[in-house]
Amino acid sequence: MLKKPGMDECILVCVYYGPNGERLIRRGHKMASMLNCPFYILTVDPLPFDQFDADKSEYVERWQELSEELGAQAFILRDSERLPSAKVIKEVAYDKNVTQIVIGQTAQSRWEEITKGSFINVLLREIPFADLHVVSVARTIKSVEEDMYEKGVRAYLIKDGEDYRVSFTQSKGCEFEGIFFKEIGTDFNNGIFKFMHDHKMCQVHVDDDRIEESRTVERMAEEKHVQ
């Protein structure tokens, strides 16, 4: 009996923060399309999500969008991760029956606990059951936004009359929990607030505690209560 092409294949794309992540994801998607097989996107970070800076969370948001746009099986974020990155990749690859792994060549210098030149060898030892595709990528380009905001802090969106505002203490009227990134160089609570809604990362602008997109937040809150 003939098997459907690619039915036993599965691709895992491993991305780290920087402009090359999208290129790796699109490469993985192209391979999956050629093989007619599923693909997953994975990123690993030792920090918890609520300690990500604005730049990191921006990348995560973009990768989530790409995951949906390109039809990935799932975007997997392993935050607060204590295991070495190679071990995490092995776990996910085994769990998802991955046969091919896509990773950027320069990523080995940015995954913590990995010494330069050793990461590929570690992966080959840890995951003998999968083929490894090492993609040559450019060095990370520093984002302009990287210097625009202070480190994120946990915050909440609460209803205040007809509008919404940011609060740093959880209360009964809290609609969303997320991370507030304050603009550098301001005495007011101006910046951006990022939160998860319907399995997607959302962002609203904050002006002196007030949410500029209050109507959008109101709609999201209504959707949440209906679910």
# chains A, B, ... in the order shown; residues from 1 in each chain; ligands from 1
$ select_by_dssp --residues "range 39-210 of chain A" --states "strand (DSSP E or B)" --output "JSON, numbers by chain"
{"A": [39, 40, 41, 42, 43, 44, 74, 75, 76, 77, 78, 100, 101, 102, 103, 104, 131, 132, 133, 134, 135, 149, 153, 154, 155, 156, 157, 158, 159, 160, 163, 164, 165, 166, 167, 174, 175, 176, 177, 178, 179, 180, 181, 182, 183, 191, 192, 193, 194, 195, 196, 197, 200, 201, 202, 203, 204, 205, 206, 207, 210]}
$ select_by_dssp --residues "chain A" --states "alpha helix (DSSP H)" --output "PDB file with N, CA, C and O atoms, in the first residue's frame"
ATOM      1  N   GLY A  21      14.294  35.017  13.049  1.00  0.00           N
ATOM      2  CA  GLY A  21      13.265  34.050  13.405  1.00  0.00           C
ATOM      3  C   GLY A  21      12.243  33.845  12.300  1.00  0.00           C
ATOM      4  O   GLY A  21      11.869  32.713  11.974  1.00  0.00           O
ATOM      5  N   GLU A  22      11.800  34.953  11.706  1.00  0.00           N
ATOM      6  CA  GLU A  22      10.787  34.846  10.645  1.00  0.00           C
ATOM      7  C   GLU A  22      11.342  34.089   9.449  1.00  0.00           C
ATOM      8  O   GLU A  22      10.626  33.289   8.838  1.00  0.00           O
ATOM      9  N   ARG A  23      12.585  34.321   9.119  1.00  0.00           N
ATOM     10  CA  ARG A  23      13.188  33.614   7.981  1.00  0.00           C
ATOM     11  C   ARG A  23      13.213  32.103   8.235  1.00  0.00           C
ATOM     12  O   ARG A  23      12.919  31.303   7.339  1.00  0.00           O
ATOM     13  N   LEU A  24      13.570  31.700   9.450  1.00  0.00           N
ATOM     14  CA  LEU A  24      13.608  30.271   9.792  1.00  0.00           C
ATOM     15  C   LEU A  24      12.209  29.660   9.715  1.00  0.00           C
ATOM     16  O   LEU A  24      12.040  28.539   9.220  1.00  0.00           O
ATOM     17  N   ILE A  25      11.222  30.404  10.220  1.00  0.00           N
ATOM     18  CA  ILE A  25       9.849  29.901  10.203  1.00  0.00           C
ATOM     19  C   ILE A  25       9.378  29.701   8.765  1.00  0.00           C
ATOM     20  O   ILE A  25       8.767  28.681   8.428  1.00  0.00           O
ATOM     21  N   ARG A  26       9.676  30.663   7.917  1.00  0.00           N
ATOM     22  CA  ARG A  26       9.257  30.537   6.512  1.00  0.00           C
ATOM     23  C   ARG A  26      10.005  29.400   5.813  1.00  0.00           C
ATOM     24  O   ARG A  26       9.465  28.722   4.934  1.00  0.00           O
ATOM     25  N   ARG A  27      11.255  29.164   6.195  1.00  0.00           N
ATOM     26  CA  ARG A  27      12.000  28.040   5.633  1.00  0.00           C
ATOM     27  C   ARG A  27      11.351  26.717   6.066  1.00  0.00           C
ATOM     28  O   ARG A  27      11.178  25.807   5.250  1.00  0.00           O
ATOM     29  N   GLY A  28      10.998  26.639   7.343  1.00  0.00           N
ATOM     30  CA  GLY A  28      10.339  25.431   7.833  1.00  0.00           C
ATOM     31  C   GLY A  28       9.001  25.197   7.154  1.00  0.00           C
ATOM     32  O   GLY A  28       8.641  24.063   6.821  1.00  0.00           O
ATOM     33  N   HIS A  29       8.260  26.281   6.945  1.00  0.00           N
ATOM     34  CA  HIS A  29       6.960  26.182   6.265  1.00  0.00           C
ATOM     35  C   HIS A  29       7.137  25.702   4.823  1.00  0.00           C
ATOM     36  O   HIS A  29       6.361  24.874   4.325  1.00  0.00           O
ATOM     37  N   LYS A  30       8.164  26.200   4.143  1.00  0.00           N
ATOM     38  CA  LYS A  30       8.422  25.791   2.764  1.00  0.00           C
ATOM     39  C   LYS A  30       8.737  24.298   2.697  1.00  0.00           C
ATOM     40  O   LYS A  30       8.232  23.575   1.821  1.00  0.00           O
ATOM     41  N   MET A  31       9.547  23.825   3.646  1.00  0.00           N
ATOM     42  CA  MET A  31       9.876  22.403   3.698  1.00  0.00           C
ATOM     43  C   MET A  31       8.627  21.573   3.965  1.00  0.00           C
ATOM     44  O   MET A  31       8.407  20.529   3.336  1.00  0.00           O
ATOM     45  N   ALA A  32       7.804  22.052   4.904  1.00  0.00           N
ATOM     46  CA  ALA A  32       6.580  21.316   5.246  1.00  0.00           C
ATOM     47  C   ALA A  32       5.634  21.252   4.056  1.00  0.00           C
ATOM     48  O   ALA A  32       4.961  20.227   3.836  1.00  0.00           O
ATOM     49  N   SER A  33       5.581  22.328   3.287  1.00  0.00           N
ATOM     50  CA  SER A  33       4.715  22.350   2.107  1.00  0.00           C
ATOM     51  C   SER A  33       5.209  21.358   1.055  1.00  0.00           C
ATOM     52  O   SER A  33       4.405  20.661   0.423  1.00  0.00           O
ATOM     53  N   MET A  34       6.524  21.298   0.871  1.00  0.00           N
ATOM     54  CA  MET A  34       7.095  20.377  -0.108  1.00  0.00           C
ATOM     55  C   MET A  34       6.872  18.924   0.302  1.00  0.00           C
ATOM     56  O   MET A  34       6.625  18.059  -0.546  1.00  0.00           O
ATOM     57  N   LEU A  35       6.942  18.661   1.607  1.00  0.00           N
ATOM     58  CA  LEU A  35       6.785  17.295   2.109  1.00  0.00           C
ATOM     59  C   LEU A  35       5.337  16.954   2.449  1.00  0.00           C
ATOM     60  O   LEU A  35       5.029  15.818   2.795  1.00  0.00           O
ATOM     61  N   ALA A  54       9.988  44.504  26.057  1.00  0.00           N
ATOM     62  CA  ALA A  54       9.079  44.822  24.958  1.00  0.00           C
ATOM     63  C   ALA A  54       9.550  44.202  23.649  1.00  0.00           C
ATOM     64  O   ALA A  54       8.746  43.752  22.826  1.00  0.00           O
ATOM     65  N   ASP A  55      10.852  44.160  23.458  1.00  0.00           N
ATOM     66  CA  ASP A  55      11.405  43.626  22.215  1.00  0.00           C
ATOM     67  C   ASP A  55      11.118  42.133  22.093  1.00  0.00           C
ATOM     68  O   ASP A  55      10.684  41.649  21.045  1.00  0.00           O
ATOM     69  N   LYS A  56      11.347  41.391  23.174  1.00  0.00           N
ATOM     70  CA  LYS A  56      11.093  39.948  23.158  1.00  0.00           C
ATOM     71  C   LYS A  56       9.619  39.651  22.912  1.00  0.00           C
ATOM     72  O   LYS A  56       9.267  38.792  22.104  1.00  0.00           O
ATOM     73  N   SER A  57       8.762  40.345  23.625  1.00  0.00           N
ATOM     74  CA  SER A  57       7.332  40.072  23.473  1.00  0.00           C
ATOM     75  C   SER A  57       6.845  40.424  22.082  1.00  0.00           C
ATOM     76  O   SER A  57       5.911  39.817  21.558  1.00  0.00           O
ATOM     77  N   GLU A  58       7.507  41.389  21.441  1.00  0.00           N
ATOM     78  CA  GLU A  58       7.154  41.761  20.069  1.00  0.00           C
ATOM     79  C   GLU A  58       7.456  40.612  19.114  1.00  0.00           C
ATOM     80  O   GLU A  58       6.663  40.302  18.217  1.00  0.00           O
ATOM     81  N   TYR A  59       8.600  39.982  19.320  1.00  0.00           N
ATOM     82  CA  TYR A  59       8.946  38.828  18.486  1.00  0.00           C
ATOM     83  C   TYR A  59       7.962  37.682  18.697  1.00  0.00           C
ATOM     84  O   TYR A  59       7.515  37.036  17.745  1.00  0.00           O
ATOM     85  N   VAL A  60       7.629  37.415  19.963  1.00  0.00           N
ATOM     86  CA  VAL A  60       6.685  36.332  20.263  1.00  0.00           C
ATOM     87  C   VAL A  60       5.351  36.587  19.581  1.00  0.00           C
ATOM     88  O   VAL A  60       4.743  35.681  18.997  1.00  0.00           O
ATOM     89  N   GLU A  61       4.897  37.824  19.632  1.00  0.00           N
ATOM     90  CA  GLU A  61       3.633  38.195  18.990  1.00  0.00           C
ATOM     91  C   GLU A  61       3.700  37.943  17.480  1.00  0.00           C
ATOM     92  O   GLU A  61       2.763  37.382  16.892  1.00  0.00           O
ATOM     93  N   ARG A  62       4.799  38.333  16.855  1.00  0.00           N
ATOM     94  CA  ARG A  62       4.944  38.148  15.413  1.00  0.00           C
ATOM     95  C   ARG A  62       4.985  36.667  15.061  1.00  0.00           C
ATOM     96  O   ARG A  62       4.386  36.227  14.070  1.00  0.00           O
ATOM     97  N   TRP A  63       5.687  35.873  15.871  1.00  0.00           N
ATOM     98  CA  TRP A  63       5.776  34.439  15.585  1.00  0.00           C
ATOM     99  C   TRP A  63       4.417  33.758  15.743  1.00  0.00           C
ATOM    100  O   TRP A  63       4.096  32.823  15.011  1.00  0.00           O
ATOM    101  N   GLN A  64       3.629  34.209  16.705  1.00  0.00           N
ATOM    102  CA  GLN A  64       2.278  33.673  16.859  1.00  0.00           C
ATOM    103  C   GLN A  64       1.440  33.971  15.624  1.00  0.00           C
ATOM    104  O   GLN A  64       0.690  33.113  15.139  1.00  0.00           O
ATOM    105  N   GLU A  65       1.570  35.201  15.116  1.00  0.00           N
ATOM    106  CA  GLU A  65       0.835  35.576  13.906  1.00  0.00           C
ATOM    107  C   GLU A  65       1.273  34.722  12.718  1.00  0.00           C
ATOM    108  O   GLU A  65       0.441  34.238  11.944  1.00  0.00           O
ATOM    109  N   LEU A  66       2.587  34.529  12.580  1.00  0.00           N
ATOM    110  CA  LEU A  66       3.105  33.710  11.485  1.00  0.00           C
ATOM    111  C   LEU A  66       2.631  32.263  11.605  1.00  0.00           C
ATOM    112  O   LEU A  66       2.321  31.615  10.604  1.00  0.00           O
ATOM    113  N   SER A  67       2.592  31.777  12.843  1.00  0.00           N
ATOM    114  CA  SER A  67       2.134  30.406  13.080  1.00  0.00           C
ATOM    115  C   SER A  67       0.735  30.189  12.519  1.00  0.00           C
ATOM    116  O   SER A  67       0.469  29.188  11.850  1.00  0.00           O
ATOM    117  N   GLU A  68      -0.148  31.151  12.770  1.00  0.00           N
ATOM    118  CA  GLU A  68      -1.513  31.050  12.266  1.00  0.00           C
ATOM    119  C   GLU A  68      -1.565  31.275  10.758  1.00  0.00           C
ATOM    120  O   GLU A  68      -2.263  30.572  10.031  1.00  0.00           O
ATOM    121  N   GLU A  69      -0.813  32.277  10.302  1.00  0.00           N
ATOM    122  CA  GLU A  69      -0.819  32.627   8.880  1.00  0.00           C
ATOM    123  C   GLU A  69      -0.339  31.472   8.008  1.00  0.00           C
ATOM    124  O   GLU A  69      -0.900  31.208   6.926  1.00  0.00           O
ATOM    125  N   LEU A  70       0.695  30.769   8.461  1.00  0.00           N
ATOM    126  CA  LEU A  70       1.304  29.706   7.655  1.00  0.00           C
ATOM    127  C   LEU A  70       0.749  28.322   7.972  1.00  0.00           C
ATOM    128  O   LEU A  70       1.172  27.334   7.367  1.00  0.00           O
ATOM    129  N   SER A  85      18.631  23.991  26.536  1.00  0.00           N
ATOM    130  CA  SER A  85      17.811  24.129  25.336  1.00  0.00           C
ATOM    131  C   SER A  85      17.757  22.846  24.515  1.00  0.00           C
ATOM    132  O   SER A  85      16.710  22.473  23.978  1.00  0.00           O
ATOM    133  N   ALA A  86      18.890  22.151  24.399  1.00  0.00           N
ATOM    134  CA  ALA A  86      18.925  20.912  23.619  1.00  0.00           C
ATOM    135  C   ALA A  86      17.989  19.862  24.211  1.00  0.00           C
ATOM    136  O   ALA A  86      17.347  19.099  23.484  1.00  0.00           O
ATOM    137  N   LYS A  87      17.911  19.816  25.534  1.00  0.00           N
ATOM    138  CA  LYS A  87      17.011  18.859  26.200  1.00  0.00           C
ATOM    139  C   LYS A  87      15.557  19.197  25.898  1.00  0.00           C
ATOM    140  O   LYS A  87      14.721  18.299  25.705  1.00  0.00           O
ATOM    141  N   VAL A  88      15.242  20.490  25.900  1.00  0.00           N
ATOM    142  CA  VAL A  88      13.867  20.914  25.612  1.00  0.00           C
ATOM    143  C   VAL A  88      13.494  20.559  24.175  1.00  0.00           C
ATOM    144  O   VAL A  88      12.407  20.036  23.905  1.00  0.00           O
ATOM    145  N   ILE A  89      14.402  20.836  23.255  1.00  0.00           N
ATOM    146  CA  ILE A  89      14.150  20.497  21.854  1.00  0.00           C
ATOM    147  C   ILE A  89      13.934  18.998  21.714  1.00  0.00           C
ATOM    148  O   ILE A  89      13.035  18.545  20.989  1.00  0.00           O
ATOM    149  N   LYS A  90      14.736  18.208  22.421  1.00  0.00           N
ATOM    150  CA  LYS A  90      14.582  16.754  22.375  1.00  0.00           C
ATOM    151  C   LYS A  90      13.199  16.336  22.883  1.00  0.00           C
ATOM    152  O   LYS A  90      12.527  15.493  22.274  1.00  0.00           O
ATOM    153  N   GLU A  91      12.767  16.921  24.012  1.00  0.00           N
ATOM    154  CA  GLU A  91      11.452  16.602  24.583  1.00  0.00           C
ATOM    155  C   GLU A  91      10.334  16.881  23.587  1.00  0.00           C
ATOM    156  O   GLU A  91       9.458  16.053  23.354  1.00  0.00           O
ATOM    157  N   VAL A  92      10.358  18.098  23.013  1.00  0.00           N
ATOM    158  CA  VAL A  92       9.309  18.496  22.080  1.00  0.00           C
ATOM    159  C   VAL A  92       9.358  17.635  20.821  1.00  0.00           C
ATOM    160  O   VAL A  92       8.328  17.189  20.314  1.00  0.00           O
ATOM    161  N   ALA A  93      10.559  17.394  20.320  1.00  0.00           N
ATOM    162  CA  ALA A  93      10.705  16.584  19.108  1.00  0.00           C
ATOM    163  C   ALA A  93      10.160  15.173  19.327  1.00  0.00           C
ATOM    164  O   ALA A  93       9.473  14.614  18.463  1.00  0.00           O
ATOM    165  N   TYR A  94      10.445  14.614  20.481  1.00  0.00           N
ATOM    166  CA  TYR A  94       9.965  13.263  20.791  1.00  0.00           C
ATOM    167  C   TYR A  94       8.444  13.262  20.946  1.00  0.00           C
ATOM    168  O   TYR A  94       7.749  12.380  20.424  1.00  0.00           O
ATOM    169  N   ASP A  95       7.925  14.266  21.656  1.00  0.00           N
ATOM    170  CA  ASP A  95       6.485  14.344  21.918  1.00  0.00           C
ATOM    171  C   ASP A  95       5.683  14.530  20.630  1.00  0.00           C
ATOM    172  O   ASP A  95       4.579  13.998  20.493  1.00  0.00           O
ATOM    173  N   PHE A 119      26.756  23.512  20.163  1.00  0.00           N
ATOM    174  CA  PHE A 119      25.318  23.261  20.231  1.00  0.00           C
ATOM    175  C   PHE A 119      24.847  22.250  19.187  1.00  0.00           C
ATOM    176  O   PHE A 119      24.052  21.362  19.466  1.00  0.00           O
ATOM    177  N   ILE A 120      25.351  22.372  17.961  1.00  0.00           N
ATOM    178  CA  ILE A 120      24.942  21.453  16.903  1.00  0.00           C
ATOM    179  C   ILE A 120      25.328  20.023  17.267  1.00  0.00           C
ATOM    180  O   ILE A 120      24.543  19.091  17.101  1.00  0.00           O
ATOM    181  N   ASN A 121      26.545  19.851  17.798  1.00  0.00           N
ATOM    182  CA  ASN A 121      26.985  18.513  18.203  1.00  0.00           C
ATOM    183  C   ASN A 121      26.128  17.956  19.329  1.00  0.00           C
ATOM    184  O   ASN A 121      25.810  16.765  19.356  1.00  0.00           O
ATOM    185  N   VAL A 122      25.755  18.832  20.265  1.00  0.00           N
ATOM    186  CA  VAL A 122      24.891  18.400  21.363  1.00  0.00           C
ATOM    187  C   VAL A 122      23.550  17.916  20.818  1.00  0.00           C
ATOM    188  O   VAL A 122      23.032  16.864  21.217  1.00  0.00           O
ATOM    189  N   LEU A 123      22.979  18.683  19.894  1.00  0.00           N
ATOM    190  CA  LEU A 123      21.699  18.296  19.292  1.00  0.00           C
ATOM    191  C   LEU A 123      21.811  16.974  18.553  1.00  0.00           C
ATOM    192  O   LEU A 123      20.927  16.115  18.651  1.00  0.00           O
ATOM    193  N   LEU A 124      22.887  16.789  17.821  1.00  0.00           N
ATOM    194  CA  LEU A 124      23.064  15.546  17.075  1.00  0.00           C
ATOM    195  C   LEU A 124      23.133  14.351  18.011  1.00  0.00           C
ATOM    196  O   LEU A 124      22.612  13.271  17.703  1.00  0.00           O
ATOM    197  N   ARG A 125      23.747  14.537  19.187  1.00  0.00           N
ATOM    198  CA  ARG A 125      23.816  13.451  20.168  1.00  0.00           C
ATOM    199  C   ARG A 125      22.468  13.209  20.829  1.00  0.00           C
ATOM    200  O   ARG A 125      22.060  12.070  21.063  1.00  0.00           O
ATOM    201  N   GLU A 126      21.769  14.312  21.139  1.00  0.00           N
ATOM    202  CA  GLU A 126      20.502  14.197  21.863  1.00  0.00           C
ATOM    203  C   GLU A 126      19.374  13.669  20.975  1.00  0.00           C
ATOM    204  O   GLU A 126      18.460  13.001  21.461  1.00  0.00           O
ATOM    205  N   SER A 214      -9.951  51.750  24.340  1.00  0.00           N
ATOM    206  CA  SER A 214     -10.901  51.216  25.314  1.00  0.00           C
ATOM    207  C   SER A 214     -12.054  50.463  24.654  1.00  0.00           C
ATOM    208  O   SER A 214     -12.560  49.479  25.188  1.00  0.00           O
ATOM    209  N   ARG A 215     -12.490  50.928  23.483  1.00  0.00           N
ATOM    210  CA  ARG A 215     -13.589  50.244  22.786  1.00  0.00           C
ATOM    211  C   ARG A 215     -13.172  48.832  22.369  1.00  0.00           C
ATOM    212  O   ARG A 215     -13.960  47.888  22.443  1.00  0.00           O
ATOM    213  N   THR A 216     -11.934  48.709  21.938  1.00  0.00           N
ATOM    214  CA  THR A 216     -11.418  47.389  21.561  1.00  0.00           C
ATOM    215  C   THR A 216     -11.362  46.470  22.772  1.00  0.00           C
ATOM    216  O   THR A 216     -11.736  45.301  22.707  1.00  0.00           O
ATOM    217  N   VAL A 217     -10.893  47.013  23.896  1.00  0.00           N
ATOM    218  CA  VAL A 217     -10.815  46.222  25.122  1.00  0.00           C
ATOM    219  C   VAL A 217     -12.214  45.814  25.586  1.00  0.00           C
ATOM    220  O   VAL A 217     -12.428  44.690  26.037  1.00  0.00           O
ATOM    221  N   GLU A 218     -13.173  46.725  25.450  1.00  0.00           N
ATOM    222  CA  GLU A 218     -14.554  46.431  25.826  1.00  0.00           C
ATOM    223  C   GLU A 218     -15.085  45.240  25.018  1.00  0.00           C
ATOM    224  O   GLU A 218     -15.724  44.332  25.560  1.00  0.00           O
ATOM    225  N   ARG A 219     -14.790  45.234  23.720  1.00  0.00           N
ATOM    226  CA  ARG A 219     -15.241  44.131  22.859  1.00  0.00           C
ATOM    227  C   ARG A 219     -14.580  42.818  23.275  1.00  0.00           C
ATOM    228  O   ARG A 219     -15.240  41.772  23.336  1.00  0.00           O
ATOM    229  N   MET A 220     -13.291  42.873  23.581  1.00  0.00           N
ATOM    230  CA  MET A 220     -12.579  41.664  24.003  1.00  0.00           C
ATOM    231  C   MET A 220     -13.135  41.132  25.319  1.00  0.00           C
ATOM    232  O   MET A 220     -13.281  39.919  25.513  1.00  0.00           O
ATOM    233  N   ALA A 221     -13.455  42.051  26.239  1.00  0.00           N
ATOM    234  CA  ALA A 221     -14.008  41.646  27.526  1.00  0.00           C
ATOM    235  C   ALA A 221     -15.373  40.963  27.340  1.00  0.00           C
ATOM    236  O   ALA A 221     -15.668  39.959  27.994  1.00  0.00           O
ATOM    237  N   GLU A 222     -16.166  41.501  26.442  1.00  0.00           N
ATOM    238  CA  GLU A 222     -17.471  40.883  26.152  1.00  0.00           C
ATOM    239  C   GLU A 222     -17.300  39.486  25.562  1.00  0.00           C
ATOM    240  O   GLU A 222     -18.022  38.557  25.915  1.00  0.00           O
ATOM    241  N   GLU A 223     -16.328  39.333  24.660  1.00  0.00           N
ATOM    242  CA  GLU A 223     -16.050  38.024  24.060  1.00  0.00           C
ATOM    243  C   GLU A 223     -15.606  37.030  25.131  1.00  0.00           C
ATOM    244  O   GLU A 223     -16.008  35.873  25.102  1.00  0.00           O
ATOM    245  N   LYS A 224     -14.796  37.500  26.065  1.00  0.00           N
ATOM    246  CA  LYS A 224     -14.288  36.625  27.113  1.00  0.00           C
ATOM    247  C   LYS A 224     -15.412  36.119  28.000  1.00  0.00           C
ATOM    248  O   LYS A 224     -15.452  34.958  28.393  1.00  0.00           O
ATOM    249  N   HIS A 225     -16.371  37.001  28.311  1.00  0.00           N
ATOM    250  CA  HIS A 225     -17.485  36.616  29.190  1.00  0.00           C
ATOM    251  C   HIS A 225     -18.468  35.682  28.500  1.00  0.00           C
ATOM    252  O   HIS A 225     -19.148  34.884  29.148  1.00  0.00           O
ATOM    253  N   VAL A 226     -18.517  35.766  27.167  1.00  0.00           N
ATOM    254  CA  VAL A 226     -19.430  34.890  26.412  1.00  0.00           C
ATOM    255  C   VAL A 226     -18.873  33.474  26.350  1.00  0.00           C
ATOM    256  O   VAL A 226     -19.630  32.499  26.359  1.00  0.00           O
TER     257      VAL A 226
END
$ residues_around --residues "Phe181 in chain A" --least-positions-apart "5" --cutoff "8 Å" --atoms "only C-alpha atoms" --output "NGL selection string"
:A and (53-54 or 149-153 or 191-193)
$ write_last_selection --atoms "C-alpha atoms" --output "CSV table (one decimal), in the first residue's frame"
chain,number,residue,atom,x,y,z
A,53,ASP,CA,11.1,43.0,27.6
A,54,ALA,CA,9.1,44.8,25.0
A,149,TYR,CA,10.6,51.0,27.1
A,150,GLU,CA,11.6,50.1,30.6
A,151,LYS,CA,11.5,46.5,31.8
A,152,GLY,CA,7.9,45.2,31.8
A,153,VAL,CA,5.9,44.8,35.0
A,191,GLY,CA,3.6,53.1,27.2
A,192,ILE,CA,2.1,49.8,26.0
A,193,PHE,CA,0.2,47.0,27.7
$ atom_distance --atom1 "CA of Glu212 in chain A" --atom2 "CA of Lys172 in chain A"
22.0 Å
$ residues_around --residues "range 45-52 of chain A" --least-positions-apart "4" --cutoff "6 Å" --atoms "only C-alpha atoms" --output "ChimeraX atom specification"
/A:56,79-82
$ residues_around --residues "Val135 in chain A" --least-positions-apart "5" --cutoff "8 Å" --atoms "only C-alpha atoms" --output "list in words"
Leu24, Val102, Ile103, Gly104 and Gln105 of chain A
$ write_last_selection --atoms "all heavy atoms" --output "PDB file, in the first residue's frame"
ATOM      1  N   LEU A  24      13.570  31.700   9.450  1.00  0.00           N
ATOM      2  CA  LEU A  24      13.608  30.271   9.792  1.00  0.00           C
ATOM      3  C   LEU A  24      12.209  29.660   9.715  1.00  0.00           C
ATOM      4  O   LEU A  24      12.040  28.539   9.220  1.00  0.00           O
ATOM      5  CB  LEU A  24      14.187  30.081  11.189  1.00  0.00           C
ATOM      6  CG  LEU A  24      15.670  30.442  11.373  1.00  0.00           C
ATOM      7  CD1 LEU A  24      16.055  30.314  12.838  1.00  0.00           C
ATOM      8  CD2 LEU A  24      16.546  29.560  10.506  1.00  0.00           C
ATOM      9  N   VAL A 102      14.762  22.465  12.131  1.00  0.00           N
ATOM     10  CA  VAL A 102      15.368  23.624  11.473  1.00  0.00           C
ATOM     11  C   VAL A 102      15.850  24.593  12.547  1.00  0.00           C
ATOM     12  O   VAL A 102      15.098  24.952  13.460  1.00  0.00           O
ATOM     13  CB  VAL A 102      14.343  24.343  10.558  1.00  0.00           C
ATOM     14  CG1 VAL A 102      14.972  25.583   9.929  1.00  0.00           C
ATOM     15  CG2 VAL A 102      13.827  23.395   9.485  1.00  0.00           C
ATOM     16  N   ILE A 103      17.114  25.005  12.449  1.00  0.00           N
ATOM     17  CA  ILE A 103      17.665  25.926  13.449  1.00  0.00           C
ATOM     18  C   ILE A 103      18.659  26.855  12.772  1.00  0.00           C
ATOM     19  O   ILE A 103      19.274  26.500  11.766  1.00  0.00           O
ATOM     20  CB  ILE A 103      18.339  25.150  14.609  1.00  0.00           C
ATOM     21  CG1 ILE A 103      18.639  26.089  15.782  1.00  0.00           C
ATOM     22  CG2 ILE A 103      19.590  24.425  14.146  1.00  0.00           C
ATOM     23  CD1 ILE A 103      18.925  25.364  17.066  1.00  0.00           C
ATOM     24  N   GLY A 104      18.809  28.055  13.311  1.00  0.00           N
ATOM     25  CA  GLY A 104      19.734  29.023  12.735  1.00  0.00           C
ATOM     26  C   GLY A 104      21.160  28.780  13.188  1.00  0.00           C
ATOM     27  O   GLY A 104      21.405  28.434  14.338  1.00  0.00           O
ATOM     28  N   GLN A 105      22.093  29.009  12.305  1.00  0.00           N
ATOM     29  CA  GLN A 105      23.502  28.741  12.606  1.00  0.00           C
ATOM     30  C   GLN A 105      24.024  29.600  13.747  1.00  0.00           C
ATOM     31  O   GLN A 105      24.777  29.124  14.590  1.00  0.00           O
ATOM     32  CB  GLN A 105      24.343  28.973  11.352  1.00  0.00           C
ATOM     33  CG  GLN A 105      25.805  28.572  11.500  1.00  0.00           C
ATOM     34  CD  GLN A 105      26.563  28.751  10.199  1.00  0.00           C
ATOM     35  OE1 GLN A 105      26.261  29.647   9.420  1.00  0.00           O
ATOM     36  NE2 GLN A 105      27.533  27.906   9.946  1.00  0.00           N
TER      37      GLN A 105
END
$ decode --residues "range 15-23 of chain A" --atoms "N, CA, C and O atoms" --output "PDB file, in the first residue's frame"
ATOM      1  N   VAL A  15      13.381  28.813  17.074  1.00  0.00           N
ATOM      2  CA  VAL A  15      13.708  30.221  16.853  1.00  0.00           C
ATOM      3  C   VAL A  15      14.151  30.896  18.152  1.00  0.00           C
ATOM      4  O   VAL A  15      13.731  30.504  19.241  1.00  0.00           O
ATOM      5  N   TYR A  16      14.996  31.899  17.993  1.00  0.00           N
ATOM      6  CA  TYR A  16      15.413  32.721  19.121  1.00  0.00           C
ATOM      7  C   TYR A  16      15.196  34.166  18.722  1.00  0.00           C
ATOM      8  O   TYR A  16      14.939  34.465  17.559  1.00  0.00           O
ATOM      9  N   TYR A  17      15.277  35.078  19.696  1.00  0.00           N
ATOM     10  CA  TYR A  17      14.891  36.466  19.457  1.00  0.00           C
ATOM     11  C   TYR A  17      15.848  37.167  18.504  1.00  0.00           C
ATOM     12  O   TYR A  17      17.049  37.137  18.681  1.00  0.00           O
ATOM     13  N   GLY A  18      15.273  37.779  17.495  1.00  0.00           N
ATOM     14  CA  GLY A  18      16.050  38.487  16.488  1.00  0.00           C
ATOM     15  C   GLY A  18      15.318  38.458  15.160  1.00  0.00           C
ATOM     16  O   GLY A  18      14.317  37.766  15.007  1.00  0.00           O
ATOM     17  N   PRO A  19      15.806  39.214  14.198  1.00  0.00           N
ATOM     18  CA  PRO A  19      15.133  39.340  12.905  1.00  0.00           C
ATOM     19  C   PRO A  19      15.182  38.072  12.065  1.00  0.00           C
ATOM     20  O   PRO A  19      14.524  37.975  11.039  1.00  0.00           O
ATOM     21  N   ASN A  20      15.993  37.074  12.477  1.00  0.00           N
ATOM     22  CA  ASN A  20      16.121  35.865  11.681  1.00  0.00           C
ATOM     23  C   ASN A  20      15.037  34.832  11.963  1.00  0.00           C
ATOM     24  O   ASN A  20      14.892  33.868  11.210  1.00  0.00           O
ATOM     25  N   GLY A  21      14.294  35.017  13.049  1.00  0.00           N
ATOM     26  CA  GLY A  21      13.265  34.050  13.405  1.00  0.00           C
ATOM     27  C   GLY A  21      12.243  33.845  12.300  1.00  0.00           C
ATOM     28  O   GLY A  21      11.869  32.713  11.974  1.00  0.00           O
ATOM     29  N   GLU A  22      11.800  34.953  11.706  1.00  0.00           N
ATOM     30  CA  GLU A  22      10.787  34.846  10.645  1.00  0.00           C
ATOM     31  C   GLU A  22      11.342  34.089   9.449  1.00  0.00           C
ATOM     32  O   GLU A  22      10.626  33.289   8.838  1.00  0.00           O
ATOM     33  N   ARG A  23      12.585  34.321   9.119  1.00  0.00           N
ATOM     34  CA  ARG A  23      13.188  33.614   7.981  1.00  0.00           C
ATOM     35  C   ARG A  23      13.213  32.103   8.235  1.00  0.00           C
ATOM     36  O   ARG A  23      12.919  31.303   7.339  1.00  0.00           O
TER      37      ARG A  23
END
